[in-house]
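S.K.: One file: run_28.pdb (PDB, C-alpha atoms and all ligand atoms).
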ATOM      1  CA  MET F   1     -47.064 -75.763  -4.466  1.00  0.00           C
ATOM      2  CA  VAL F   2     -48.581 -73.263  -6.879  1.00  0.00           C
ATOM      3  CA  GLU F   3     -51.335 -71.175  -5.334  1.00  0.00           C
ATOM      4  CA  LEU F   4     -54.005 -70.206  -7.807  1.00  0.00           C
ATOM      5  CA  ARG F   5     -55.047 -66.590  -8.186  1.00  0.00           C
ATOM      6  CA  ALA F   6     -58.306 -65.016  -9.241  1.00  0.00           C
ATOM      7  CA  GLY F   7     -58.533 -65.402 -12.984  1.00  0.00           C
ATOM      8  CA  ASP F   8     -56.560 -68.639 -13.161  1.00  0.00           C
ATOM      9  CA  VAL F   9     -58.556 -71.251 -15.046  1.00  0.00           C
ATOM     10  CA  VAL F  10     -57.200 -74.788 -14.773  1.00  0.00           C
ATOM     11  CA  PRO F  11     -58.995 -78.162 -14.884  1.00  0.00           C
ATOM     12  CA  ASP F  12     -60.885 -78.858 -11.645  1.00  0.00           C
ATOM     13  CA  HIS F  13     -59.216 -82.242 -11.170  1.00  0.00           C
ATOM     14  CA  PHE F  14     -55.831 -80.460 -10.864  1.00  0.00           C
ATOM     15  CA  ILE F  15     -57.010 -78.278  -7.963  1.00  0.00           C
ATOM     16  CA  VAL F  16     -56.669 -78.984  -4.244  1.00  0.00           C
ATOM     17  CA  GLU F  17     -57.364 -76.785  -1.233  1.00  0.00           C
ATOM     18  CA  HIS F  18     -54.323 -76.190   0.939  1.00  0.00           C
ATOM     19  CA  ALA F  19     -54.489 -74.036   4.080  1.00  0.00           C
ATOM     20  CA  GLY F  20     -57.628 -72.400   2.727  1.00  0.00           C
ATOM     21  CA  ALA F  21     -56.137 -71.570  -0.646  1.00  0.00           C
ATOM     22  CA  ARG F  22     -56.839 -73.100  -4.068  1.00  0.00           C
ATOM     23  CA  CYS F  23     -53.642 -74.685  -5.322  1.00  0.00           C
ATOM     24  CA  MET F  24     -52.352 -76.957  -8.047  1.00  0.00           C
ATOM     25  CA  ASP F  25     -52.269 -80.499  -6.651  1.00  0.00           C
ATOM     26  CA  GLN F  26     -48.966 -82.343  -6.396  1.00  0.00           C
ATOM     27  CA  ARG F  27     -47.879 -85.897  -7.069  1.00  0.00           C
ATOM     28  CA  GLY F  28     -46.250 -87.958  -4.319  1.00  0.00           C
ATOM     29  CA  ASN F  29     -42.826 -86.725  -5.413  1.00  0.00           C
ATOM     30  CA  GLY F  30     -43.912 -83.088  -5.108  1.00  0.00           C
ATOM     31  CA  ALA F  31     -44.234 -82.486  -8.843  1.00  0.00           C
ATOM     32  CA  CYS F  32     -47.198 -80.507 -10.096  1.00  0.00           C
ATOM     33  CA  VAL F  33     -49.981 -82.746 -11.419  1.00  0.00           C
ATOM     34  CA  ALA F  34     -49.978 -80.787 -14.663  1.00  0.00           C
ATOM     35  CA  LEU F  35     -46.366 -81.762 -15.356  1.00  0.00           C
ATOM     36  CA  ASP F  36     -46.145 -84.701 -17.753  1.00  0.00           C
ATOM     37  CA  PRO F  37     -43.718 -87.107 -16.011  1.00  0.00           C
ATOM     38  CA  ALA F  38     -42.585 -88.574 -19.326  1.00  0.00           C
ATOM     39  CA  THR F  39     -41.843 -85.369 -21.214  1.00  0.00           C
ATOM     40  CA  PHE F  40     -41.379 -82.962 -18.260  1.00  0.00           C
ATOM     41  CA  LEU F  41     -43.582 -80.524 -20.144  1.00  0.00           C
ATOM     42  CA  CYS F  42     -46.533 -78.647 -18.696  1.00  0.00           C
ATOM     43  CA  THR F  43     -49.746 -80.185 -20.045  1.00  0.00           C
ATOM     44  CA  ILE F  44     -51.662 -76.919 -19.556  1.00  0.00           C
ATOM     45  CA  TYR F  45     -48.888 -74.547 -20.635  1.00  0.00           C
ATOM     46  CA  ALA F  46     -51.136 -72.219 -22.631  1.00  0.00           C
ATOM     47  CA  ASP F  47     -53.467 -71.958 -19.637  1.00  0.00           C
ATOM     48  CA  ARG F  48     -50.896 -72.222 -16.835  1.00  0.00           C
ATOM     49  CA  PRO F  49     -51.511 -70.232 -13.628  1.00  0.00           C
ATOM     50  CA  GLN F  50     -50.279 -66.655 -13.350  1.00  0.00           C
ATOM     51  CA  THR F  51     -47.681 -67.653 -10.753  1.00  0.00           C
ATOM     52  CA  CYS F  52     -46.107 -69.969 -13.321  1.00  0.00           C
ATOM     53  CA  ARG F  53     -46.113 -67.133 -15.865  1.00  0.00           C
ATOM     54  CA  ASP F  54     -44.374 -64.786 -13.413  1.00  0.00           C
ATOM     55  CA  PHE F  55     -41.321 -66.985 -12.930  1.00  0.00           C
ATOM     56  CA  ASN F  56     -38.546 -67.113 -15.462  1.00  0.00           C
ATOM     57  CA  ARG F  57     -36.687 -70.397 -15.421  1.00  0.00           C
ATOM     58  CA  GLY F  58     -33.645 -70.195 -13.168  1.00  0.00           C
ATOM     59  CA  GLU F  59     -34.094 -66.572 -12.066  1.00  0.00           C
ATOM     60  CA  SER F  60     -32.822 -65.641  -8.588  1.00  0.00           C
ATOM     61  CA  LEU F  61     -36.200 -65.554  -6.830  1.00  0.00           C
ATOM     62  CA  CYS F  62     -37.117 -68.902  -8.361  1.00  0.00           C
ATOM     63  CA  ARG F  63     -33.852 -70.409  -7.067  1.00  0.00           C
ATOM     64  CA  GLN F  64     -34.416 -68.906  -3.608  1.00  0.00           C
ATOM     65  CA  ILE F  65     -37.899 -70.382  -3.330  1.00  0.00           C
ATOM     66  CA  LEU F  66     -36.759 -73.775  -4.582  1.00  0.00           C
ATOM     67  CA  ALA F  67     -33.897 -73.785  -2.066  1.00  0.00           C
ATOM     68  CA  THR F  68     -36.242 -73.261   0.860  1.00  0.00           C
ATOM     69  CA  GLY F  69     -38.980 -75.594  -0.372  1.00  0.00           C
ATOM     70  CA  ARG F  70     -41.694 -73.197   0.789  1.00  0.00           C
ATOM     71  CA  ASN F  71     -44.525 -71.298  -0.811  1.00  0.00           C
ATOM     72  CA  LEU F  72     -44.257 -67.744  -2.084  1.00  0.00           C
ATOM     73  CA  THR F  73     -45.255 -65.021   0.384  1.00  0.00           C
ATOM     74  CA  THR F  74     -47.384 -62.066  -0.637  1.00  0.00           C
ATOM     75  CA  LEU F  75     -44.307 -59.812  -0.407  1.00  0.00           C
ATOM     76  CA  GLU F  76     -42.255 -62.129  -2.611  1.00  0.00           C
ATOM     77  CA  ARG F  77     -45.109 -62.308  -5.084  1.00  0.00           C
ATOM     78  CA  SER F  78     -45.154 -58.515  -5.276  1.00  0.00           C
ATOM     79  CA  GLN F  79     -41.383 -58.499  -5.850  1.00  0.00           C
ATOM     80  CA  LEU F  80     -41.877 -60.453  -9.030  1.00  0.00           C
ATOM     81  CA  ASP F  81     -43.137 -57.239 -10.570  1.00  0.00           C
ATOM     82  CA  GLN F  82     -39.979 -55.337  -9.515  1.00  0.00           C
ATOM     83  CA  PRO F  83     -36.684 -55.099 -11.437  1.00  0.00           C
ATOM     84  CA  ALA F  84     -34.377 -58.049 -10.709  1.00  0.00           C
ATOM     85  CA  ALA F  85     -31.894 -55.937  -8.695  1.00  0.00           C
ATOM     86  CA  SER F  86     -34.508 -55.076  -6.056  1.00  0.00           C
ATOM     87  CA  ALA F  87     -35.931 -58.583  -5.885  1.00  0.00           C
ATOM     88  CA  SER F  88     -32.964 -60.101  -4.028  1.00  0.00           C
TER
HETATM   89  S1  LIG F 101     -45.946 -74.517 -15.394  1.00  0.00           S
HETATM   90 FE1  LIG F 101     -47.479 -76.167 -15.513  1.00  0.00          FE
HETATM   91  S2  LIG F 101     -46.462 -77.995 -14.689  1.00  0.00           S
HETATM   92 FE2  LIG F 101     -45.276 -76.200 -14.015  1.00  0.00          FE
HETATM   93  S3  LIG F 101     -46.105 -75.697 -12.003  1.00  0.00           S
HETATM   94 FE3  LIG F 101     -47.201 -74.440 -13.513  1.00  0.00          FE
HETATM   95  S4  LIG F 101     -49.039 -75.630 -14.053  1.00  0.00           S
HETATM   96 FE4  LIG F 101     -47.616 -77.022 -13.019  1.00  0.00          FE
END
Would you mind writing the file's structure down as structure tokens?
Ligand code: SF4

M.R.:
Amino acid sequence: MVELRAGDVVPDHFIVEHAGARCMDQRGNGACVALDPATFLCTIYADRPQTCRDFNRGESLCRQILATGRNLTTLERSQLDQPAASAS
């Protein structure tokens, strides 16, 4: 689940509150509601949340998070700003 940060502007109907945080809602299969299920493209790509901008497809931290199926911690989020070698 993608937690929204201050400054993220996405359509209201895509937002859900989860554990007190504003997040992108998910479909029943866990996919983000902004992901077009036919094209597998982000329908709000130009305005996607900062968390989505911080991840590069297939990078090590992305793979680690996907493997555990959990949300990003504050520490992990801060590591996104570090060089790749110190992020693992
Ligand atoms: S890039 Fe788009 S579809 Fe993917 S998680 Fe972010 S908002 Fe959702």

S.K.: Mind giving me the straight-line distance from CA of Arg48 (chain F) to CA of Gly28 (chain F) in Å, one decimal?

M.R.: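 Separating CA of Arg48 (chain F) from CA of Gly28 (chain F) is a distance of 20.6 Å.
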
S.K.: Between F:Met1, F:Gln64, F:Gln26, F:Tyr45, which one has atoms that come closest to His13 (chain F), using all atoms listed in the file?

M.R.: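 Closest to His13 (chain F) of all the choices is F:Gln26.
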
S.K.: Using only C-alpha atoms and all ligand atoms, find each residue with an atom at most 7 Å away from ligand LIG 101 (chain F) and format the answer as a list of chain:residue names.

M.R.: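 With only C-alpha atoms and all ligand atoms and a cut-off of 7 Å, ligand LIG 101 (chain F) is contacted by F:Val2, F:Met24, F:Cys32, F:Val33, F:Ala34, F:Leu35, F:Leu41, F:Cys42, F:Thr43, F:Ile44, F:Tyr45, F:Arg48, F:Pro49, F:Cys52.
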
S.K.: Taking into account all atoms listed in the file, which residue in the set F:Gln50, F:Thr39, F:Asn56, F:Thr68 is nearest to Cys23 (chain F)?

M.R.: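 Result for the nearest residue to Cys23 (chain F): F:Gln50.
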
S.K.: May I ask for the distance between CA of Asp47 (chain F) and CA of Ile15 (chain F), given in Å to one decimal place?

M.R.: 13.7 Å

S.K.: So the first atom is CA of Val16 (chain F) and the second is CA of Ala38 (chain F); what is the distance between them in Å, to one decimal place?

M.R.: 22.8 Å

S.K.: With all atoms listed in the file as the basis for distance, which of F:Arg22, F:Cys62, F:Phe40, F:Asp54 is at the shortest distance from Val10 (chain F)?

M.R.: F:Arg22

S.K.: Choose the residue, out of F:Ala6, F:Ala67, F:Leu61, F:Ala46, that has the smallest atom-to-atom separation from Ala21 (chain F); count all atoms listed in the file.

M.R.: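 Smallest separation from Ala21 (chain F) among the options: F:Ala6.
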
S.K.: Using only C-alpha atoms, pick whichever of F:Thr51, F:Ser60, F:Ala31, F:Asp36 has the shortest atom-to-atom distance to Arg5 (chain F).

M.R.: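 Smallest distance to Arg5 (chain F) is found for F:Thr51.
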
S.K.: Could you add whatever atoms are missing so that region 28-40 of chain F carries N, CA, C and O atoms, then write the result as a PDB file, in the frame of the given file?

M.R.:
ATOM      1  N   GLY F  28     -46.954 -87.513  -5.512  1.00  0.00           N
ATOM      2  CA  GLY F  28     -46.250 -87.958  -4.319  1.00  0.00           C
ATOM      3  C   GLY F  28     -44.822 -87.463  -4.237  1.00  0.00           C
ATOM      4  O   GLY F  28     -44.262 -87.288  -3.159  1.00  0.00           O
ATOM      5  N   ASN F  29     -44.217 -87.210  -5.392  1.00  0.00           N
ATOM      6  CA  ASN F  29     -42.826 -86.725  -5.413  1.00  0.00           C
ATOM      7  C   ASN F  29     -42.740 -85.202  -5.355  1.00  0.00           C
ATOM      8  O   ASN F  29     -41.661 -84.633  -5.484  1.00  0.00           O
ATOM      9  N   GLY F  30     -43.899 -84.540  -5.203  1.00  0.00           N
ATOM     10  CA  GLY F  30     -43.912 -83.088  -5.108  1.00  0.00           C
ATOM     11  C   GLY F  30     -44.092 -82.384  -6.433  1.00  0.00           C
ATOM     12  O   GLY F  30     -44.260 -81.160  -6.460  1.00  0.00           O
ATOM     13  N   ALA F  31     -44.074 -83.122  -7.530  1.00  0.00           N
ATOM     14  CA  ALA F  31     -44.234 -82.486  -8.843  1.00  0.00           C
ATOM     15  C   ALA F  31     -45.682 -82.063  -9.045  1.00  0.00           C
ATOM     16  O   ALA F  31     -46.616 -82.711  -8.571  1.00  0.00           O
ATOM     17  N   CYS F  32     -45.866 -80.989  -9.745  1.00  0.00           N
ATOM     18  CA  CYS F  32     -47.198 -80.507 -10.096  1.00  0.00           C
ATOM     19  C   CYS F  32     -47.916 -81.573 -10.933  1.00  0.00           C
ATOM     20  O   CYS F  32     -47.309 -82.220 -11.788  1.00  0.00           O
ATOM     21  N   VAL F  33     -49.219 -81.738 -10.688  1.00  0.00           N
ATOM     22  CA  VAL F  33     -49.981 -82.746 -11.419  1.00  0.00           C
ATOM     23  C   VAL F  33     -50.122 -82.411 -12.903  1.00  0.00           C
ATOM     24  O   VAL F  33     -50.431 -83.286 -13.707  1.00  0.00           O
ATOM     25  N   ALA F  34     -49.880 -81.163 -13.255  1.00  0.00           N
ATOM     26  CA  ALA F  34     -49.978 -80.787 -14.663  1.00  0.00           C
ATOM     27  C   ALA F  34     -48.685 -81.081 -15.420  1.00  0.00           C
ATOM     28  O   ALA F  34     -48.639 -80.964 -16.644  1.00  0.00           O
ATOM     29  N   LEU F  35     -47.641 -81.452 -14.697  1.00  0.00           N
ATOM     30  CA  LEU F  35     -46.366 -81.762 -15.356  1.00  0.00           C
ATOM     31  C   LEU F  35     -46.399 -83.193 -15.867  1.00  0.00           C
ATOM     32  O   LEU F  35     -46.632 -84.128 -15.095  1.00  0.00           O
ATOM     33  N   ASP F  36     -46.189 -83.365 -17.162  1.00  0.00           N
ATOM     34  CA  ASP F  36     -46.145 -84.701 -17.753  1.00  0.00           C
ATOM     35  C   ASP F  36     -44.851 -85.380 -17.299  1.00  0.00           C
ATOM     36  O   ASP F  36     -43.759 -84.904 -17.630  1.00  0.00           O
ATOM     37  N   PRO F  37     -44.938 -86.483 -16.547  1.00  0.00           N
ATOM     38  CA  PRO F  37     -43.718 -87.107 -16.011  1.00  0.00           C
ATOM     39  C   PRO F  37     -42.836 -87.735 -17.088  1.00  0.00           C
ATOM     40  O   PRO F  37     -41.652 -87.984 -16.843  1.00  0.00           O
ATOM     41  N   ALA F  38     -43.382 -87.975 -18.253  1.00  0.00           N
ATOM     42  CA  ALA F  38     -42.585 -88.574 -19.326  1.00  0.00           C
ATOM     43  C   ALA F  38     -41.822 -87.518 -20.112  1.00  0.00           C
ATOM     44  O   ALA F  38     -40.652 -87.716 -20.469  1.00  0.00           O
ATOM     45  N   THR F  39     -42.470 -86.400 -20.374  1.00  0.00           N
ATOM     46  CA  THR F  39     -41.843 -85.369 -21.214  1.00  0.00           C
ATOM     47  C   THR F  39     -41.289 -84.207 -20.401  1.00  0.00           C
ATOM     48  O   THR F  39     -40.531 -83.395 -20.915  1.00  0.00           O
ATOM     49  N   PHE F  40     -41.719 -84.109 -19.122  1.00  0.00           N
ATOM     50  CA  PHE F  40     -41.379 -82.962 -18.260  1.00  0.00           C
ATOM     51  C   PHE F  40     -41.862 -81.643 -18.852  1.00  0.00           C
ATOM     52  O   PHE F  40     -41.261 -80.595 -18.647  1.00  0.00           O
TER      53      PHE F  40
END
